[in-house]
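A.B. asks: Data: input-v7.cif, mmCIF, C-alpha atoms and all ligand atoms.
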data_input
#
loop_
_atom_site.label_atom_id
_atom_site.label_comp_id
_atom_site.auth_asym_id
_atom_site.auth_seq_id
_atom_site.Cartn_x
_atom_site.Cartn_y
_atom_site.Cartn_z
CA VAL P 1 55.36 132.21 133.11
CA ILE P 2 55.63 136.00 133.00
CA ARG P 3 51.91 136.19 133.69
CA TYR P 4 52.33 134.06 136.83
CA ILE P 5 55.26 136.21 137.96
CA LYS P 6 53.09 139.29 137.40
CA MET P 7 50.20 137.74 139.34
CA GLY P 8 52.59 136.75 142.13
CA LEU P 9 53.93 140.25 142.26
CA LEU P 10 50.41 141.66 142.39
CA LEU P 11 49.62 139.31 145.28
CA VAL P 12 52.71 140.47 147.16
CA ILE P 13 51.75 144.12 146.60
CA CYS P 14 48.17 143.45 147.76
CA LEU P 15 49.38 141.62 150.87
CA THR P 16 51.85 144.39 151.66
CA PHE P 17 49.08 146.97 151.31
CA LEU P 18 46.77 144.89 153.50
CA CYS P 19 49.45 144.50 156.17
CA ALA P 20 50.11 148.22 156.06
CA CYS P 21 46.40 148.88 156.58
CA VAL P 22 46.15 146.45 159.47
CA THR P 23 49.20 147.76 161.29
CA THR P 24 48.36 151.44 160.81
CA PRO P 25 47.20 152.68 164.22
CA SER P 26 43.67 154.07 164.26
CA TYR P 27 44.93 157.25 165.94
CA GLN P 28 47.38 158.11 163.17
CA ILE P 29 47.83 161.86 163.00
CA SER P 30 47.11 163.55 159.69
CA ASN P 31 48.94 166.75 160.62
CA PRO P 32 51.75 166.04 163.03
CA MET P 33 52.70 168.91 165.32
CA GLU P 34 56.15 170.43 165.08
CA VAL P 35 57.58 172.61 167.82
CA HIS P 36 60.62 174.62 166.72
CA PHE P 37 62.88 176.07 169.41
CA ILE P 38 65.07 178.65 167.71
CA ASP P 39 68.34 179.26 169.51
CA VAL P 40 68.36 182.99 170.27
CA GLY P 41 70.64 182.78 173.28
CA TYR P 42 68.88 183.74 176.51
CA GLY P 43 65.25 184.15 175.42
CA ASP P 44 62.29 182.29 173.95
CA ALA P 45 61.67 181.87 170.22
CA ILE P 46 59.18 179.06 169.80
CA LEU P 47 57.28 178.24 166.63
CA VAL P 48 54.42 175.74 166.71
CA ILE P 49 53.28 174.35 163.35
CA LYS P 50 50.41 171.93 162.76
CA GLY P 51 49.21 171.53 159.20
CA SER P 52 48.83 175.10 158.00
CA ASP P 53 48.34 176.44 161.56
CA THR P 54 51.24 178.55 162.81
CA LEU P 55 51.82 180.21 166.19
CA PHE P 56 54.99 181.97 167.27
CA ILE P 57 55.97 182.84 170.83
CA ASP P 58 58.13 185.87 171.80
CA GLY P 59 61.44 185.72 169.88
CA GLY P 60 64.27 186.86 172.14
CA TYR P 61 66.25 190.09 172.57
CA PRO P 62 65.88 192.70 169.76
CA PRO P 63 69.22 191.89 167.99
CA MET P 64 67.96 188.33 167.40
CA THR P 65 65.33 189.59 164.92
CA ASN P 66 67.42 188.81 161.83
CA LYS P 67 68.19 185.32 163.04
CA VAL P 68 64.49 184.58 163.57
CA LEU P 69 63.49 186.14 160.22
CA ASN P 70 66.19 184.08 158.46
CA TYR P 71 64.87 180.97 160.15
CA PHE P 72 61.35 181.75 158.88
CA LYS P 73 62.77 182.22 155.38
CA THR P 74 64.72 178.95 155.51
CA ILE P 75 61.62 176.92 156.34
CA GLY P 76 59.43 178.90 153.91
CA LEU P 77 57.25 180.54 156.55
CA LYS P 78 55.71 183.75 155.19
CA GLU P 79 52.99 184.62 157.71
CA LEU P 80 51.80 183.77 161.21
CA ASP P 81 48.29 182.94 162.37
CA ALA P 82 49.25 184.03 165.86
CA LEU P 83 52.04 185.95 167.51
CA VAL P 84 52.11 185.60 171.29
CA VAL P 85 53.98 187.92 173.63
CA THR P 86 54.14 186.06 176.94
CA HIS P 87 55.31 189.15 178.88
CA PRO P 88 57.01 192.44 178.08
CA HIS P 89 60.61 191.65 179.14
CA PRO P 90 63.13 192.39 176.34
CA ASP P 91 64.22 188.72 175.95
CA HIS P 92 60.59 188.02 174.97
CA ILE P 93 59.01 191.09 173.41
CA GLY P 94 62.19 192.16 171.53
CA VAL P 95 61.90 190.01 168.42
CA ALA P 96 58.09 190.14 168.51
CA HIS P 97 58.54 193.88 167.93
CA GLY P 98 61.06 193.11 165.15
CA ILE P 99 58.64 190.74 163.40
CA LEU P 100 55.94 193.44 163.31
CA GLU P 101 58.41 196.14 162.30
CA ASN P 102 59.55 194.00 159.35
CA ASN P 103 55.93 193.62 158.25
CA ILE P 104 55.75 189.85 158.54
CA PRO P 105 51.99 189.30 158.15
CA VAL P 106 50.45 188.39 161.52
CA LYS P 107 46.72 187.61 161.75
CA ASN P 108 46.39 187.89 165.52
CA LEU P 109 48.54 189.29 168.28
CA PHE P 110 48.08 187.96 171.79
CA SER P 111 49.41 189.02 175.17
CA SER P 112 48.54 188.85 178.84
CA TYR P 113 49.05 192.65 178.96
CA PRO P 114 46.67 195.33 177.66
CA LEU P 115 48.44 197.61 175.18
CA GLU P 116 47.92 200.61 177.49
CA HIS P 117 49.68 198.93 180.43
CA SER P 118 52.66 200.94 181.71
CA GLU P 119 54.97 197.89 181.39
CA ILE P 120 54.46 197.75 177.60
CA PRO P 121 57.44 199.50 175.96
CA HIS P 122 56.44 202.76 174.29
CA GLY P 123 57.88 201.76 170.89
CA PHE P 124 55.96 198.49 170.84
CA ARG P 125 52.72 200.23 171.82
CA SER P 126 52.91 202.87 169.08
CA LEU P 127 53.90 200.30 166.43
CA VAL P 128 50.93 198.08 167.34
CA GLN P 129 48.54 201.07 167.57
CA GLU P 130 49.53 202.14 164.08
CA LYS P 131 48.88 198.64 162.72
CA LEU P 132 45.57 198.40 164.58
CA LYS P 133 44.52 201.69 163.02
CA ASN P 134 45.16 200.20 159.59
CA GLY P 135 43.23 197.05 160.52
CA VAL P 136 46.24 194.80 159.99
CA PHE P 137 45.40 192.43 162.85
CA ASP P 138 43.59 192.08 166.14
CA TYR P 139 45.21 192.54 169.54
CA THR P 140 43.72 190.25 172.17
CA VAL P 141 44.42 190.18 175.89
CA LEU P 142 44.27 186.66 177.29
CA LYS P 143 43.96 185.20 180.77
CA ASP P 144 43.45 181.86 182.49
CA GLY P 145 40.51 180.03 180.88
CA ASP P 146 40.85 181.60 177.42
CA THR P 147 41.70 179.68 174.25
CA ILE P 148 43.64 180.52 171.11
CA SER P 149 41.99 178.69 168.23
CA LEU P 150 43.90 178.59 164.94
CA PRO P 151 42.13 178.31 161.55
CA GLU P 152 42.79 174.59 161.04
CA GLY P 153 41.61 173.67 164.52
CA THR P 154 44.68 173.72 166.77
CA HIS P 155 43.68 174.94 170.24
CA PHE P 156 45.97 176.46 172.84
CA ASN P 157 44.51 176.60 176.33
CA VAL P 158 45.65 179.60 178.32
CA ILE P 159 46.16 178.52 181.94
CA HIS P 160 47.86 181.65 183.32
CA PRO P 161 47.70 184.47 184.43
CA GLU P 162 44.48 184.88 186.38
CA VAL P 163 45.37 188.52 187.01
CA LEU P 164 48.46 190.58 186.29
CA VAL P 165 50.82 190.97 189.23
CA GLU P 166 53.72 193.34 189.78
CA ASN P 167 56.27 190.65 188.88
CA LEU P 168 56.35 190.49 185.07
CA ASN P 169 57.66 186.91 185.01
CA ASP P 170 54.77 185.74 187.15
CA SER P 171 52.35 187.49 184.77
CA SER P 172 53.62 185.39 181.82
CA LEU P 173 51.07 183.82 179.54
CA VAL P 174 51.24 180.04 180.04
CA MET P 175 49.75 177.77 177.39
CA TYR P 176 48.91 174.11 177.10
CA VAL P 177 48.25 172.40 173.79
CA GLN P 178 47.03 168.84 173.34
CA ALA P 179 49.52 167.02 171.12
CA PHE P 180 51.98 164.18 171.38
CA GLU P 181 50.81 161.79 174.08
CA ASN P 182 50.26 164.06 177.06
CA GLY P 183 50.47 167.52 175.60
CA VAL P 184 52.87 170.43 175.47
CA LEU P 185 53.26 172.95 178.30
CA LEU P 186 54.75 176.30 177.34
CA ALA P 187 55.47 177.84 180.71
CA GLY P 188 56.77 181.34 179.98
CA ASP P 189 58.96 182.72 182.76
CA VAL P 190 56.78 181.87 185.75
CA GLY P 191 58.41 181.36 189.14
CA PRO P 192 57.73 179.06 192.13
CA GLU P 193 54.51 180.78 193.30
CA VAL P 194 52.81 180.38 189.92
CA GLN P 195 54.16 176.85 189.51
CA LYS P 196 52.42 176.01 192.79
CA ARG P 197 49.19 177.54 191.54
CA LEU P 198 49.33 175.65 188.24
CA LEU P 199 49.69 172.35 190.12
CA LEU P 200 46.62 173.21 192.20
CA ASP P 201 44.35 174.87 189.65
CA HIS P 202 45.37 172.96 186.52
CA ALA P 203 46.23 169.52 187.88
CA ASN P 204 44.55 167.99 184.81
CA VAL P 205 47.37 169.31 182.61
CA PHE P 206 49.99 167.18 184.40
CA PRO P 207 51.95 165.08 183.44
CA VAL P 208 53.04 166.43 180.05
CA THR P 209 55.08 165.05 177.15
CA LEU P 210 56.97 168.20 176.23
CA LEU P 211 57.82 171.03 178.62
CA LYS P 212 59.36 174.41 177.88
CA ALA P 213 61.06 174.88 181.24
CA PRO P 214 59.77 178.03 182.95
CA HIS P 215 62.14 181.01 183.13
CA HIS P 216 65.08 179.44 181.27
CA GLY P 217 65.47 176.90 184.06
CA GLY P 218 65.19 179.53 186.79
CA THR P 219 64.21 178.99 190.44
CA ALA P 220 61.56 176.29 190.72
CA ILE P 221 59.73 174.02 193.11
CA GLU P 222 60.60 170.35 192.85
CA ALA P 223 56.91 169.33 192.67
CA PHE P 224 56.49 171.25 189.42
CA TYR P 225 58.97 169.00 187.64
CA SER P 226 57.99 165.81 189.49
CA GLU P 227 54.34 166.34 188.50
CA ALA P 228 55.16 167.50 184.96
CA LYS P 229 57.31 164.37 184.47
CA PRO P 230 58.09 165.46 180.90
CA GLU P 231 59.35 163.05 178.33
CA LEU P 232 61.43 166.00 177.09
CA THR P 233 62.25 169.29 178.84
CA VAL P 234 63.68 172.09 176.73
CA ILE P 235 65.67 174.86 178.44
CA THR P 236 65.90 178.07 176.40
CA ASP P 237 69.17 179.17 177.97
CA GLY P 238 72.12 181.31 176.98
CA ILE P 239 74.61 183.71 178.54
CA ASN P 240 72.84 185.71 181.27
CA PRO P 241 73.59 187.57 184.49
CA TYR P 242 70.88 185.76 186.52
CA GLY P 243 72.58 182.39 186.92
CA ASN P 244 69.87 180.59 184.93
CA PRO P 245 69.43 177.69 184.69
CA GLN P 246 69.81 177.36 188.45
CA LYS P 247 71.86 174.38 189.69
CA GLU P 248 69.05 173.07 191.88
CA THR P 249 66.50 173.38 189.07
CA LEU P 250 68.80 171.43 186.73
CA LEU P 251 68.83 168.64 189.32
CA PHE P 252 65.00 168.61 189.37
CA ILE P 253 64.88 168.63 185.57
CA ASP P 254 67.40 165.82 185.32
CA ARG P 255 65.64 163.78 187.99
CA TYR P 256 62.14 163.92 186.53
CA SER P 257 62.53 164.36 182.76
CA GLY P 258 62.94 161.47 180.33
CA GLN P 259 65.55 163.70 178.75
CA PHE P 260 66.36 167.38 178.71
CA ILE P 261 68.01 169.64 176.19
CA ARG P 262 69.72 172.99 176.71
CA LEU P 263 69.46 175.06 173.55
CA SER P 264 72.84 176.62 174.41
CA GLU P 265 74.32 173.16 173.79
CA THR P 266 72.34 171.99 170.74
CA GLY P 267 71.38 175.10 168.79
CA ASN P 268 68.03 175.11 166.99
CA LEU P 269 65.77 172.22 167.83
CA VAL P 270 62.69 170.73 166.17
CA VAL P 271 60.45 168.35 168.08
CA ARG P 272 58.07 166.47 165.79
CA GLU P 273 55.09 164.28 166.58
CA ASN P 274 55.13 160.80 165.05
CA PRO P 275 52.23 158.42 164.37
CA GLY P 276 51.66 156.93 167.80
CA HIS P 277 52.38 160.35 169.32
CA GLU P 278 56.07 159.69 169.98
CA LEU P 279 58.65 162.47 169.83
CA SER P 280 61.29 162.86 167.15
CA ILE P 281 64.04 165.33 167.87
CA PHE P 282 66.11 167.12 165.24
CA THR P 283 68.76 169.77 165.58
CA THR P 284 69.52 172.25 162.83
CA ARG P 285 72.06 175.01 162.43
CA SER P 286 71.15 178.46 161.23
CA GLU P 287 73.04 181.68 160.70
ZN ZN I 301 62.90 185.36 179.90
#
Starting from the file, give its structure as structure tokens.
C.D. replies:
Amino acid sequence: VIRYIKMGLLLVICLTFLCACVTTPSYQISNPMEVHFIDVGYGDAILVIKGSDTLFIDGGYPPMTNKVLNYFKTIGLKELDALVVTHPHPDHIGVAHGILENNIPVKNLFSSYPLEHSEIPHGFRSLVQEKLKNGVFDYTVLKDGDTISLPEGTHFNVIHPEVLVENLNDSSLVMYVQAFENGVLLAGDVGPEVQKRLLLDHANVFPVTLLKAPHHGGTAIEAFYSEAKPELTVITDGINPYGNPQKETLLFIDRYSGQFIRLSETGNLVVRENPGHELSIFTTRSE
């Protein structure tokens, strides 16, 4: 009798395994993407992880450095394949400077601005020059059409800027990465003029699954959000003197996003890709 029970059990296990194989979608992802939005108040601190590939964007105002470094420690992150400075405003370049100053190993540093550009803060320039002299990493200037390729094969398409303009926000590095169902658009701080250009010159990017709202929900054109039609829009907001996110932009975001999240309301956020490319959203607290 025990033998029959054992055989029955084996049959059940085999059937379960078979069912599992049949129902597993062919497009199952081996390395799901995770996008971490660290709450640094008004500013961007975005970490993209896929397998062993890691890319970090900006980081927020300088005093947020410890918070970001603690976050790295909590999740066991010891080095970065890529550090991206979208533009040299302090709510973006501040922590990027802090990361380098604290000797977190960075393999590649990317920006839309050449190091010699007058908008690059003097302290950042000399710190990077010193590290370049010691061969610590490479500094690469990117523009529309370039790609950041990480060691394990994650590709970030740079879709802005074409050229640097006087307005720093509109010279932000904008990236698109294929993940989830329709991709992730990381839109820096670009304003209405650039949003218009992106719709014209990079129509193939739209719609997207996950959108980092440009300029902390700042002034926008409605078409940008109606074409982006994100499943999730994340607003990296906090106390600021600019009135961001703008009331009208919040209406656009609400109207055209499946859902939207303001980091000022949730704290740290992790968006994870599931088999089938759906989104999972987690919030975490950090000191
Ligand atoms: Zn900003």
A.B. asks: Check which residues fall inside 12 Å of ligand ZN 301 (chain I) when counting all atoms listed in the file, and print them as number ranges by chain.
C.D. replies: P: 40-45, 57-61, 85-94, 168-173, 187-191, 212-218, 235-242, 244-245
A.B. asks: Which one is closest to Ser257 of chain P: P:Thr283, P:Thr54, P:Thr219, P:Ser226? Count all atoms listed in the file.
C.D. replies: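 For Ser257 of chain P, the nearest of the given residues is P:Ser226.
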A.B. asks: Using all atoms listed in the file, which residue out of P:Ile38, P:Leu132, P:Ala96, P:Leu55 lies closest to Ser149 of chain P?
C.D. replies: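 Closest candidate: P:Leu55.
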A.B. asks: Measuring between all atoms listed in the file, which one of P:Pro121, P:Thr249, P:Leu211, P:Ser280 shows the shortest distance to Ala223 of chain P?
C.D. replies: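 For Ala223 of chain P, the nearest of the given residues is P:Thr249.
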A.B. asks: Using all atoms listed in the file, which of the listed residues (P:Leu69, P:Phe224, P:His122, P:Lys133) sits closest to Ile104 of chain P?
C.D. replies: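 That would be P:Leu69, the residue with the smallest distance to Ile104 of chain P.
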A.B. asks: Using only C-alpha atoms, find each residue in segment 176-203 of chain P having at least one atom no more than 10 Å away from segment 157-164 of chain P; report its shortest atom-to-atom pair and that distance in Å (one decimal), rows by chain then rising number, as CSV.
C.D. replies:
residue,atom,partner,partner_atom,distance
P:Tyr176,CA,P:Asn157,CA,5.1
P:Val177,CA,P:Asn157,CA,6.2
P:Gln178,CA,P:Asn157,CA,8.7
P:Leu185,CA,P:Asn157,CA,9.7
P:Leu186,CA,P:Val158,CA,9.7
P:Ala187,CA,P:His160,CA,8.9
P:Gly188,CA,P:His160,CA,9.5
P:Val190,CA,P:His160,CA,9.2
P:Val194,CA,P:His160,CA,8.3
P:Arg197,CA,P:His160,CA,9.3
P:Leu198,CA,P:Ile159,CA,7.6
P:Asp201,CA,P:Ile159,CA,8.7
P:His202,CA,P:Ile159,CA,7.2
A.B. asks: Residues at most 10 Å from Asp39 of chain P, counting all atoms listed in the file, excluding those fewer than 6 positions away in the same chain, as a PyMOL selection string?
C.D. replies: chain P and resi 45-46+59-60+64+67-68+236-238+262-269+284-286
A.B. asks: Under the rule that only C-alpha atoms are counted, which of P:Asn182, P:Asn103, P:Thr74, P:Asn204 is the nearest residue to Phe137 of chain P?
C.D. replies: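 Selected residue with least distance to Phe137 of chain P: P:Asn103.
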A.B. asks: Between atom CA of Lys229 of chain P and atom CA of Thr209 of chain P, what is the spacing in Å?
C.D. replies: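 The value is 7.7 Å.
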A.B. asks: Taking all atoms of segment 47-62 of chain P that the file lists, what box with edges along x, y and z, padded by 5 Å per side, do you get, with centre and edge lengths in Å to one decimal, as lines of an AutoDock Vina configuration file?
C.D. replies:
center_x = 57.3
center_y = 182.1
center_z = 165.3
size_x = 27.9
size_y = 31.2
size_z = 24.6
A.B. asks: Find the spatial neighbours of Ser126 of chain P, counting all atoms listed in the file, within a cut-off of 12 Å - ignore same-chain residues fewer than 3 positions away - and output them as a PyMOL selection string.
C.D. replies: chain P and resi 97+100-101+115-116+120-123+129-133
A.B. asks: Have a look at P:Lys247, P:Val184, P:Val205, P:Glu119 and name the one nearest to Val234 of chain P; count only C-alpha atoms.
C.D. replies: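 Of all the options, P:Val184 lies closest to Val234 of chain P.
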A.B. asks: Work out how far atom CA of Asn274 of chain P is from atom CA of Leu210 of chain P, in Å to one decimal.
C.D. replies: 13.5 Å
A.B. asks: State, in Å with one decimal place, the distance from atom CA of Pro151 of chain P to atom CA of Tyr139 of chain P.
C.D. replies: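 Atom CA of Tyr139 of chain P lies at a distance of 16.6 Å from atom CA of Pro151 of chain P.
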A.B. asks: Considering all atoms listed in the file, return as a PyMOL selection string whatever protein or nucleic-acid residues lie within 8 Å of Tyr225 of chain P, sequence-local ones (same chain, fewer than 4 positions apart) excluded.
C.D. replies: chain P and resi 221+229-230+252-253+256-257
A.B. asks: Since the input lacks some atoms of segment 175-205 of chain P, please model N, CA and C atoms and print them as a tab-separated table (two decimals), in the coordinates of the input.
C.D. replies:
chain	number	residue	atom	x	y	z
P	175	MET	N	50.68	178.47	178.30
P	175	MET	CA	49.75	177.77	177.39
P	175	MET	C	49.97	176.26	177.43
P	176	TYR	N	48.87	175.57	177.21
P	176	TYR	CA	48.91	174.11	177.10
P	176	TYR	C	48.23	173.73	175.80
P	177	VAL	N	48.88	172.86	175.02
P	177	VAL	CA	48.25	172.40	173.79
P	177	VAL	C	48.29	170.88	173.75
P	178	GLN	N	47.15	170.29	173.40
P	178	GLN	CA	47.03	168.84	173.34
P	178	GLN	C	47.72	168.35	172.08
P	179	ALA	N	48.77	167.61	172.24
P	179	ALA	CA	49.52	167.02	171.12
P	179	ALA	C	50.47	166.01	171.73
P	180	PHE	N	51.14	165.27	170.89
P	180	PHE	CA	51.98	164.18	171.38
P	180	PHE	C	51.09	163.31	172.29
P	181	GLU	N	51.68	162.66	173.28
P	181	GLU	CA	50.81	161.79	174.08
P	181	GLU	C	50.09	162.56	175.19
P	182	ASN	N	50.85	163.36	175.92
P	182	ASN	CA	50.26	164.06	177.06
P	182	ASN	C	50.33	165.57	176.98
P	183	GLY	N	50.55	166.08	175.77
P	183	GLY	CA	50.47	167.52	175.60
P	183	GLY	C	51.78	168.27	175.80
P	184	VAL	N	51.71	169.55	175.43
P	184	VAL	CA	52.87	170.43	175.47
P	184	VAL	C	52.55	171.58	176.41
P	185	LEU	N	53.45	171.84	177.36
P	185	LEU	CA	53.26	172.95	178.30
P	185	LEU	C	54.33	174.00	178.04
P	186	LEU	N	53.86	175.19	177.67
P	186	LEU	CA	54.75	176.30	177.34
P	186	LEU	C	54.63	177.29	178.49
P	187	ALA	N	55.65	177.28	179.37
P	187	ALA	CA	55.47	177.84	180.71
P	187	ALA	C	56.01	179.25	180.91
P	188	GLY	N	56.32	179.95	179.83
P	188	GLY	CA	56.77	181.34	179.98
P	188	GLY	C	57.92	181.45	180.96
P	189	ASP	N	57.88	182.49	181.79
P	189	ASP	CA	58.96	182.72	182.76
P	189	ASP	C	58.44	182.63	184.19
P	190	VAL	N	57.41	181.86	184.41
P	190	VAL	CA	56.78	181.87	185.75
P	190	VAL	C	57.69	181.25	186.81
P	191	GLY	N	57.60	181.80	188.01
P	191	GLY	CA	58.41	181.36	189.14
P	191	GLY	C	57.66	180.40	190.05
P	192	PRO	N	58.27	180.08	191.22
P	192	PRO	CA	57.73	179.06	192.13
P	192	PRO	C	56.27	179.27	192.55
P	193	GLU	N	55.88	180.54	192.83
P	193	GLU	CA	54.51	180.78	193.30
P	193	GLU	C	53.48	180.36	192.25
P	194	VAL	N	53.75	180.72	191.01
P	194	VAL	CA	52.81	180.38	189.92
P	194	VAL	C	52.87	178.88	189.64
P	195	GLN	N	54.05	178.30	189.74
P	195	GLN	CA	54.16	176.85	189.51
P	195	GLN	C	53.27	176.11	190.50
P	196	LYS	N	53.27	176.59	191.74
P	196	LYS	CA	52.42	176.01	192.79
P	196	LYS	C	50.95	176.12	192.39
P	197	ARG	N	50.58	177.30	191.93
P	197	ARG	CA	49.19	177.54	191.54
P	197	ARG	C	48.77	176.64	190.38
P	198	LEU	N	49.67	176.48	189.40
P	198	LEU	CA	49.33	175.65	188.24
P	198	LEU	C	49.08	174.21	188.68
P	199	LEU	N	49.88	173.72	189.63
P	199	LEU	CA	49.69	172.35	190.12
P	199	LEU	C	48.34	172.20	190.79
P	200	LEU	N	47.89	173.26	191.49
P	200	LEU	CA	46.62	173.21	192.20
P	200	LEU	C	45.44	173.41	191.25
P	201	ASP	N	45.51	174.47	190.45
P	201	ASP	CA	44.35	174.87	189.65
P	201	ASP	C	44.27	174.17	188.29
P	202	HIS	N	45.38	173.62	187.84
P	202	HIS	CA	45.37	172.96	186.52
P	202	HIS	C	46.02	171.58	186.60
P	203	ALA	N	45.65	170.85	187.66
P	203	ALA	CA	46.23	169.52	187.88
P	203	ALA	C	46.01	168.61	186.68
P	204	ASN	N	44.89	168.85	185.95
P	204	ASN	CA	44.55	167.99	184.81
P	204	ASN	C	45.56	168.07	183.66
P	205	VAL	N	46.37	169.12	183.66
P	205	VAL	CA	47.37	169.31	182.61
P	205	VAL	C	48.56	168.36	182.81
